[in-house]
Amino acid sequence: MVKKDMKNCNYPHGAIIIWDLLNPQKSNGNSKIEYSIFYVVLKAKKSTVKYKLENNFVIYYIFEGKGLIYINGEEEKIYPVQVIVIPPDSPHHIENTANIELKYMRIVYPI
């Protein structure tokens with residue numbers, strides 16, 4: 001069993017706060033799980049940094065707020081209870097277009 005308390009795993013990074021909920025790379029080899037899970041809060045009217053992962057899918061689940069996601073230069077609206085799957089080697093970033101925080105889960109598979 002793997003159990004983690006959100007009080008002990010948050011990392012502020014400028015416009016975002018990231019909770020590293022499950023990360024086998026930080027589990028001292030105790031986990032055979034092949035994905036990472038992050039809970040992310042993006043401040044109002046802010047954006048994440050554009051990046052890509054060459055060998056990994058990135059999956060987003062939107063909890064609260066709204067905004068835009070840019071994938072390979074294409075723009076899509078994002079809103080609650082939506083799932084977005086980013087294929088490997090796809091540059092992307094998220095922009096919070098609302099006056100409230102954008103809250104979402106980020107899953108990276110495989111690690």
# chains A, B, ... in the order shown; residues from 1 in each chain; ligands from 1

$ residues_around --residues "segment 66-71 of chain A" --least-positions-apart "6" --cutoff "12 Å" --atoms "only C-alpha atoms" --output "PyMOL selection string"
chain A and resi 41-52+58+60+77-104

$ select_by_dssp --residues "chain A" --states "helix (DSSP H, G or I)" --output "PyMOL selection string"
chain A and resi 6-8+24-26

$ residues_around --residues "Trp19 of chain A" --least-positions-apart "2" --cutoff "6 Å" --atoms "only C-alpha atoms" --output "VMD selection string"
chain A and resid 9 to 10 21 38 to 39

$ atom_distance --atom1 "atom CA of Gln25 of chain A" --atom2 "atom CA of Val2 of chain A"
13.4 Å

$ select_by_dssp --residues "chain A" --states "strand (DSSP E or B)" --output "VMD selection string"
chain A and resid 10 to 13 16 to 22 36 to 42 47 51 57 to 64 67 to 71 74 to 78 83 to 86 92 to 96 102 to 109

$ closest_residue --among "A:Glu34, A:Glu64, A:Asn72, A:Glu54" --to "Tyr109 of chain A" --atoms "only C-alpha atoms"
A:Glu34
